[in-house]
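start-v1.txt, holding compact mmCIF, C-alpha atoms:
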```
# COMPACT_ATOMS: atom_id res chain seq x y z
CA MET A 1 109.82 -37.22 39.39
CA THR A 2 112.79 -39.57 39.40
CA VAL A 3 115.46 -39.76 36.73
CA THR A 4 114.21 -43.22 35.75
CA HIS A 5 110.68 -41.94 35.13
CA THR A 6 112.03 -39.04 33.09
CA ALA A 7 114.16 -41.36 30.98
CA THR A 8 111.16 -43.65 30.42
CA ARG A 9 109.06 -40.73 29.19
CA LEU A 10 111.84 -39.58 26.89
CA ARG A 11 112.17 -43.05 25.36
CA ARG A 12 108.40 -43.31 24.87
CA ALA A 13 108.27 -39.89 23.25
CA GLY A 14 111.15 -40.82 20.95
CA SER A 15 109.55 -44.14 19.98
CA SER A 16 106.27 -42.44 19.07
CA GLY A 17 108.01 -39.81 16.94
CA PRO A 18 108.01 -41.76 13.63
CA ALA A 19 104.33 -42.68 14.02
CA VAL A 20 103.35 -39.06 14.64
CA GLY A 21 105.49 -37.91 11.71
CA THR A 22 103.92 -40.48 9.38
CA ALA A 23 100.43 -39.46 10.43
CA ALA A 24 101.26 -35.81 9.77
CA VAL A 25 102.56 -36.64 6.28
CA LEU A 26 99.43 -38.63 5.46
CA ALA A 27 97.25 -35.78 6.68
CA CYS A 28 99.14 -33.34 4.45
CA LEU A 29 98.67 -35.66 1.46
CA VAL A 30 94.93 -35.84 2.12
CA LEU A 31 94.71 -32.05 2.31
CA TRP A 32 96.78 -31.79 -0.88
CA GLU A 33 94.40 -34.11 -2.73
CA LEU A 34 91.34 -32.25 -1.48
CA ALA A 35 92.84 -28.92 -2.56
CA ALA A 36 93.82 -30.27 -5.99
CA ARG A 37 90.32 -31.62 -6.63
CA GLY A 38 88.57 -28.68 -5.00
CA PRO A 39 89.49 -24.98 -4.92
CA LEU A 40 92.71 -25.47 -6.91
CA GLU A 41 91.23 -27.77 -9.56
CA THR A 42 91.69 -25.20 -12.35
CA ALA A 43 95.13 -24.09 -11.12
CA PRO A 44 98.45 -25.70 -12.13
CA PHE A 45 98.35 -27.83 -8.99
CA PRO A 46 98.68 -31.60 -9.56
CA THR A 47 96.85 -34.30 -7.65
CA VAL A 48 98.75 -36.65 -5.39
CA GLY A 49 98.50 -39.38 -8.03
CA ALA A 50 100.04 -37.14 -10.70
CA LEU A 51 102.73 -36.08 -8.24
CA VAL A 52 103.65 -39.68 -7.41
CA THR A 53 103.71 -40.60 -11.11
CA SER A 54 106.08 -37.72 -11.87
CA LEU A 55 108.21 -38.59 -8.87
CA LEU A 56 108.60 -42.19 -10.02
CA GLY A 57 109.45 -40.96 -13.51
CA LEU A 58 112.17 -38.72 -12.08
CA LEU A 59 113.64 -41.54 -10.00
CA ALA A 60 113.90 -43.67 -13.14
CA SER A 61 115.67 -40.90 -15.07
CA THR A 62 119.46 -40.82 -15.26
CA SER A 63 119.43 -37.05 -15.90
CA PHE A 64 117.65 -36.51 -12.58
CA TRP A 65 120.30 -38.43 -10.65
CA SER A 66 123.01 -36.56 -12.50
CA SER A 67 121.45 -33.21 -11.57
CA LEU A 68 121.01 -34.28 -7.96
CA GLY A 69 124.62 -35.43 -7.83
CA GLN A 70 125.80 -32.07 -9.15
CA THR A 71 123.80 -30.22 -6.50
CA LEU A 72 125.12 -32.41 -3.68
CA THR A 73 128.67 -32.03 -4.99
CA THR A 74 128.32 -28.26 -5.04
CA ALA A 75 126.94 -28.21 -1.49
CA LEU A 76 129.48 -30.62 -0.03
CA VAL A 77 132.55 -29.11 -1.72
CA GLY A 78 131.53 -25.58 -0.72
CA LEU A 79 130.81 -26.73 2.85
CA ALA A 80 134.15 -28.57 3.08
CA LEU A 81 136.07 -25.53 1.88
CA ALA A 82 134.18 -23.26 4.27
CA THR A 83 134.85 -25.67 7.14
CA GLY A 84 138.58 -25.81 6.50
CA GLY A 85 138.92 -22.10 5.88
CA GLY A 86 136.64 -21.11 8.76
CA ILE A 87 138.47 -23.27 11.30
CA LEU A 88 141.96 -22.15 10.26
CA LEU A 89 141.03 -18.48 10.08
CA GLY A 90 138.98 -18.70 13.27
CA MET A 91 141.87 -20.28 15.16
CA LEU A 92 144.13 -17.44 14.04
CA LEU A 93 141.69 -14.61 14.78
CA GLY A 94 140.62 -16.11 18.08
CA SER A 95 144.16 -16.61 19.29
CA VAL A 96 145.68 -13.28 18.25
CA GLU A 97 143.98 -10.35 19.95
CA PHE A 98 145.27 -7.77 17.47
CA ALA A 99 144.01 -9.81 14.49
CA TYR A 100 140.63 -10.28 16.15
CA ARG A 101 140.16 -6.57 16.85
CA SER A 102 141.41 -5.60 13.38
CA THR A 103 138.96 -7.86 11.50
CA ARG A 104 135.95 -7.70 13.79
CA LEU A 105 134.33 -4.79 11.94
CA ILE A 106 134.95 -6.39 8.54
CA ILE A 107 133.31 -9.63 9.67
CA GLU A 108 130.32 -7.78 11.12
CA ILE A 109 129.85 -5.96 7.80
CA LEU A 110 130.20 -9.01 5.54
CA LYS A 111 128.34 -11.72 7.48
CA PRO A 112 124.80 -10.27 7.04
CA ILE A 113 125.20 -10.11 3.24
CA PRO A 114 123.33 -13.12 1.76
CA PRO A 115 125.04 -15.12 -1.02
CA ILE A 116 122.35 -14.19 -3.54
CA VAL A 117 123.44 -10.54 -3.30
CA ILE A 118 126.95 -11.32 -4.53
CA MET A 119 125.63 -13.77 -7.15
CA PRO A 120 125.71 -11.24 -10.04
CA LEU A 121 129.41 -10.57 -9.41
CA VAL A 122 130.31 -14.26 -9.10
CA LEU A 123 128.16 -15.05 -12.12
CA LEU A 124 130.00 -12.39 -14.10
CA LEU A 125 133.38 -13.84 -13.12
CA LEU A 126 132.67 -17.58 -13.36
CA GLY A 127 129.50 -17.86 -15.45
CA PRO A 128 126.64 -20.30 -14.74
CA SER A 129 128.96 -23.09 -13.64
CA THR A 130 129.46 -25.48 -10.76
CA GLU A 131 132.37 -23.32 -9.60
CA MET A 132 129.98 -20.41 -9.22
CA GLY A 133 127.74 -22.49 -6.97
CA VAL A 134 130.70 -23.68 -4.90
CA VAL A 135 131.84 -20.09 -4.34
CA LEU A 136 128.37 -19.04 -3.19
CA VAL A 137 128.07 -22.02 -0.84
CA PHE A 138 131.55 -21.30 0.51
CA TYR A 139 130.65 -17.66 1.15
CA GLY A 140 127.34 -18.46 2.81
CA CYS A 141 128.76 -21.24 5.02
CA LEU A 142 132.00 -19.52 6.01
CA TRP A 143 130.56 -17.01 8.46
CA PRO A 144 128.79 -19.28 10.99
CA ILE A 145 131.81 -21.60 11.11
CA LEU A 146 134.26 -18.70 11.44
CA ILE A 147 132.26 -16.94 14.15
CA GLN A 148 131.70 -20.12 16.14
CA THR A 149 135.38 -21.05 15.90
CA ILE A 150 136.45 -17.63 17.13
CA ALA A 151 134.01 -17.87 20.03
CA GLY A 152 135.26 -21.35 20.93
CA VAL A 153 138.92 -20.34 20.79
CA ARG A 154 138.34 -17.25 22.93
CA ASP A 155 136.39 -19.38 25.39
CA ALA A 156 139.41 -21.62 26.03
CA ASP A 157 140.33 -22.06 29.69
CA PRO A 158 143.32 -19.76 30.30
CA VAL A 159 144.49 -21.95 33.18
CA LEU A 160 144.84 -24.94 30.87
CA VAL A 161 146.61 -22.84 28.25
CA ASP A 162 149.05 -21.41 30.81
CA THR A 163 149.65 -24.87 32.27
CA ALA A 164 150.45 -26.25 28.82
CA ARG A 165 152.78 -23.33 28.21
CA SER A 166 154.57 -23.97 31.52
CA PHE A 167 155.11 -27.59 30.47
CA GLY A 168 156.88 -26.40 27.32
CA PHE A 169 154.07 -26.84 24.80
CA GLY A 170 154.61 -24.71 21.72
CA THR A 171 151.96 -22.58 20.03
CA VAL A 172 150.91 -25.31 17.60
CA GLN A 173 150.81 -27.96 20.34
CA ARG A 174 148.64 -25.77 22.56
CA ALA A 175 146.30 -25.07 19.67
CA VAL A 176 145.95 -28.73 18.71
CA ARG A 177 145.86 -30.32 22.17
CA ILE A 178 144.13 -27.68 24.28
CA VAL A 179 142.35 -24.98 22.29
CA LEU A 180 140.91 -27.03 19.41
CA PRO A 181 139.34 -29.79 21.57
CA GLY A 182 137.86 -27.14 23.85
CA ALA A 183 136.36 -25.31 20.87
CA ALA A 184 135.10 -28.50 19.20
CA ALA A 185 131.50 -28.09 20.40
CA PHE A 186 131.41 -24.52 19.05
CA ILE A 187 132.93 -25.57 15.72
CA VAL A 188 130.62 -28.53 15.17
CA THR A 189 127.61 -26.35 15.93
CA GLY A 190 128.82 -23.86 13.33
CA VAL A 191 129.28 -26.63 10.78
CA ARG A 192 125.78 -27.94 11.44
CA ILE A 193 124.27 -24.47 11.01
CA ALA A 194 126.26 -23.92 7.82
CA GLY A 195 125.43 -27.39 6.52
CA SER A 196 121.71 -26.71 6.81
CA ALA A 197 122.20 -23.71 4.52
CA ALA A 198 124.66 -25.35 2.10
CA PHE A 199 122.07 -27.37 0.18
CA VAL A 200 119.67 -24.41 0.01
CA ILE A 201 122.37 -22.09 -1.34
CA ALA A 202 123.41 -24.69 -3.91
CA VAL A 203 119.81 -25.00 -5.16
CA VAL A 204 119.37 -21.21 -5.28
CA SER A 205 122.60 -20.82 -7.27
CA GLU A 206 121.17 -23.24 -9.84
CA LEU A 207 117.62 -21.87 -9.81
CA VAL A 208 118.60 -18.21 -10.14
CA GLY A 209 122.14 -18.37 -11.49
CA GLY A 210 121.67 -21.22 -13.94
CA ALA A 211 124.38 -23.48 -12.54
CA PRO A 212 123.91 -27.17 -13.44
CA GLY A 213 121.93 -29.16 -10.92
CA ILE A 214 118.49 -29.92 -9.60
CA GLY A 215 117.66 -26.22 -9.20
CA ARG A 216 118.06 -25.63 -12.92
CA ALA A 217 115.95 -28.73 -13.60
CA LEU A 218 113.22 -27.11 -11.49
CA PHE A 219 113.50 -23.89 -13.50
CA VAL A 220 113.26 -25.81 -16.79
CA ALA A 221 110.22 -27.77 -15.59
CA GLN A 222 108.49 -24.54 -14.58
CA GLY A 223 109.24 -22.90 -17.93
CA ALA A 224 107.99 -25.92 -19.86
CA GLY A 225 104.74 -26.08 -17.90
CA LEU A 226 105.56 -29.48 -16.38
CA TYR A 227 103.97 -28.62 -13.08
CA ALA A 228 103.75 -32.16 -11.75
CA ASP A 229 107.49 -32.57 -12.35
CA MET A 230 108.10 -29.20 -10.74
CA TYR A 231 106.28 -30.16 -7.55
CA ALA A 232 107.98 -33.56 -7.57
CA LEU A 233 111.36 -31.81 -7.66
CA VAL A 234 110.30 -29.64 -4.73
CA VAL A 235 109.42 -32.77 -2.76
CA VAL A 236 112.80 -34.27 -3.64
CA MET A 237 114.57 -31.12 -2.48
CA GLY A 238 112.77 -31.14 0.83
CA THR A 239 113.54 -34.82 1.37
CA VAL A 240 117.22 -34.42 0.49
CA GLY A 241 117.45 -31.36 2.73
CA LEU A 242 116.01 -33.40 5.60
CA PHE A 243 118.55 -36.20 5.08
CA PHE A 244 121.31 -33.59 4.79
CA HIS A 245 120.32 -32.09 8.14
CA ASN A 246 119.93 -35.46 9.88
CA GLY A 247 123.29 -36.59 8.50
CA LEU A 248 124.99 -33.55 10.00
CA ARG A 249 123.24 -34.16 13.32
CA ALA A 250 124.49 -37.76 13.33
CA LEU A 251 128.00 -36.55 12.49
CA GLU A 252 127.81 -34.07 15.36
CA ARG A 253 126.78 -36.77 17.84
CA ARG A 254 129.54 -39.06 16.61
CA ALA A 255 132.26 -36.41 16.66
CA LEU A 256 131.24 -35.09 20.10
CA HIS A 257 130.16 -38.33 21.77
CA TRP A 258 132.45 -37.43 24.68
CA HIS A 259 131.02 -33.92 25.16
CA PRO A 260 128.46 -33.32 27.95
CA SER A 261 126.12 -31.50 25.56
CA VAL A 262 125.81 -34.64 23.42
CA ARG A 263 125.83 -37.14 26.27
CA GLY A 264 122.94 -35.23 27.78
CA GLU A 265 120.77 -36.01 24.74
CA VAL A 266 120.81 -39.71 25.67
CA ALA A 267 118.82 -40.42 28.77
CA PRO A 268 120.50 -42.73 31.30
```
I need this file expressed as structure tokens, please.
Amino acid sequence: MTVTHTATRLRRAGSSGPAVGTAAVLACLVLWELAARGPLETAPFPTVGALVTSLLGLLASTSFWSSLGQTLTTALVGLALATGGGILLGMLLGSVEFAYRSTRLIIEILKPIPPIVIMPLVLLLLGPSTEMGVVLVFYGCLWPILIQTIAGVRDADPVLVDTARSFGFGTVQRAVRIVLPGAAAFIVTGVRIAGSAAFVIAVVSELVGGAPGIGRALFVAQGAGLYADMYALVVVMGTVGLFFHNGLRALERRALHWHPSVRGEVAP
């Protein structure tokens, strides 16, 4: 099969993607309606009509948009802090062998600990606040960015580094001009992985920890028995999470448009 035929098939598959996705969503809505009017009729499970009504009511509410804005702020601020801290610390640990070996065990111990485990401690220190959510997002997002940055720095071509050193480049110049561009693909991958978790961690910090945001609105709706609103909020969370992920993917393609791994996604 020629490259042209392969590219044509890829373009056709990509063009049919939205139609297939729309059909899948419609099928899920039909199954939802059948379940709500059938085996789950006596359960707190709203029909599609009630779900849409609640969703429209939420979209017309200023408190909903305020809660959503607080959740997005928590996720983005925590992710930004984790990105900056992870890159700086990863550059240091990846460049200095002694620092890497000294902290490797600590990183291996801390990275498997989920943010929800340290939530009681952070909640005790900061209370149910936005700052608490930011700290949890920062903690959860730091590790993939840090680990990917270290891997990218240690993967730097030693020939290029030695050549730059022979031309009189200082440590900072070598890091900025040689090591960082070479590690960019690793770093962006880490940011994308962390970004997918940032919104989830922010919602969990609000749902469990009581921080202000859409997660707490979900908890209040559940406690008040507003099940249609509760499911509508779940739909909103899923939709926002999808846009969050796609936005990070677009940012990755834009930031690494020159990298072979990204250029390979676009068929010639």
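For the set A:Val188, A:Leu31, A:Pro44, A:Arg254, the residue with the smallest atom-to-atom gap to Gln222 in chain A is A:Pro44, counting only C-alpha atoms.
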Pull the closest atom pair for each residue of range 193-255 of chain A that gets at most 6 Å from range 133-145 of chain A, along with the distance in Å to one decimal, counting all atoms listed in the file, ordering rows by chain and then ascending residue number, as JSON lines.
```
{"residue": "A:Ala194", "atom": "CA", "partner": "A:Cys141", "partner_atom": "CA", "distance": 4.6}
{"residue": "A:Ala198", "atom": "CA", "partner": "A:Val137", "partner_atom": "CA", "distance": 5.6}
{"residue": "A:Ile201", "atom": "CA", "partner": "A:Val137", "partner_atom": "CA", "distance": 5.7}
{"residue": "A:Ala202", "atom": "CA", "partner": "A:Gly133", "partner_atom": "CA", "distance": 5.7}
{"residue": "A:Ser205", "atom": "CA", "partner": "A:Gly133", "partner_atom": "CA", "distance": 5.4}
```
**Prompt:** Just how far from CA of Val122 in chain A is CA of Ile147 in chain A, in Å to one decimal?
**Reply:**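 Computing it gives 23.5 Å between the two atoms.
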With 6 Å of padding per side, what axis-aligned box (centre and edge lengths, Å, one decimal) covers all the listed atoms of range 212-219 of chain A? Give it as lines of an AutoDock Vina configuration file.
```
center_x = 118.6
center_y = -26.9
center_z = -11.4
size_x = 22.7
size_y = 18.0
size_z = 16.4
```
**Asked** In Å to one decimal, how far is CA of Gly152 in chain A from CA of Ile116 in chain A?
**Response**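 According to the coordinates, CA of Ile116 in chain A and CA of Gly152 in chain A are separated by 28.6 Å.
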**Message:** One decimal, in Å: what's the spacing between CA of Phe98 in chain A and CA of Ala183 in chain A?
**Reply:** 20.0 Å
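The nearest approach to Gly182 in chain A among the residues A:Met119, A:Ala232, A:Met91, A:Val220, with all atoms listed in the file taken into account, belongs to A:Met91.
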**Prompt:** Which residue, A:Leu68, A:Leu58, A:Leu146, A:Ala27, has the smallest gap to Thr83 in chain A when you use only C-alpha atoms?
**Reply:**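 Under the stated criterion, the closest residue is A:Leu146.
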**Request:** Might you pull out every residue within 12 Å of Leu93 in chain A, with only C-alpha atoms counted and same-chain residues fewer than 3 positions away left off, and present them as number ranges by chain?
**Result:** A: 85-90, 96-104, 107, 146-154
**Request:** Using only C-alpha atoms, pick whichever of A:Asp229, A:Phe219, A:Leu123, A:Phe169 has the shortest atom-to-atom distance to Ser61 in chain A.
**Result:**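 The answer is A:Asp229, which sits nearest to Ser61 in chain A.
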**Complete:** Closest of A:Met132, A:Leu218, A:Val25, A:Leu121 to Val77 in chain A, counting all atoms listed in the file, is A:Met132
**Message:** Distance cut-off 12 Å, centre (97.8, -23.9, -9.4) in file coordinates, counting all atoms listed in the file: which residues qualify? Return them as a PyMOL selection string.
**Reply:** chain A and resi 32+35-47+222+225-228+230-231
**Request:** Find, counting all atoms listed in the file, the residue in A:Leu59, A:Val48, A:Leu76, A:Ala185 that gets nearest to Thr130 in chain A.
**Result:**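 Nearest to Thr130 in chain A: A:Leu76.
Within 7 Å of range 238-249 of chain A there are Arg192, Ser196, Phe199, Val234, Val235, Glu252 and Arg253 of chain A, counting only C-alpha atoms and ignoring same-chain residues fewer than 3 positions away.
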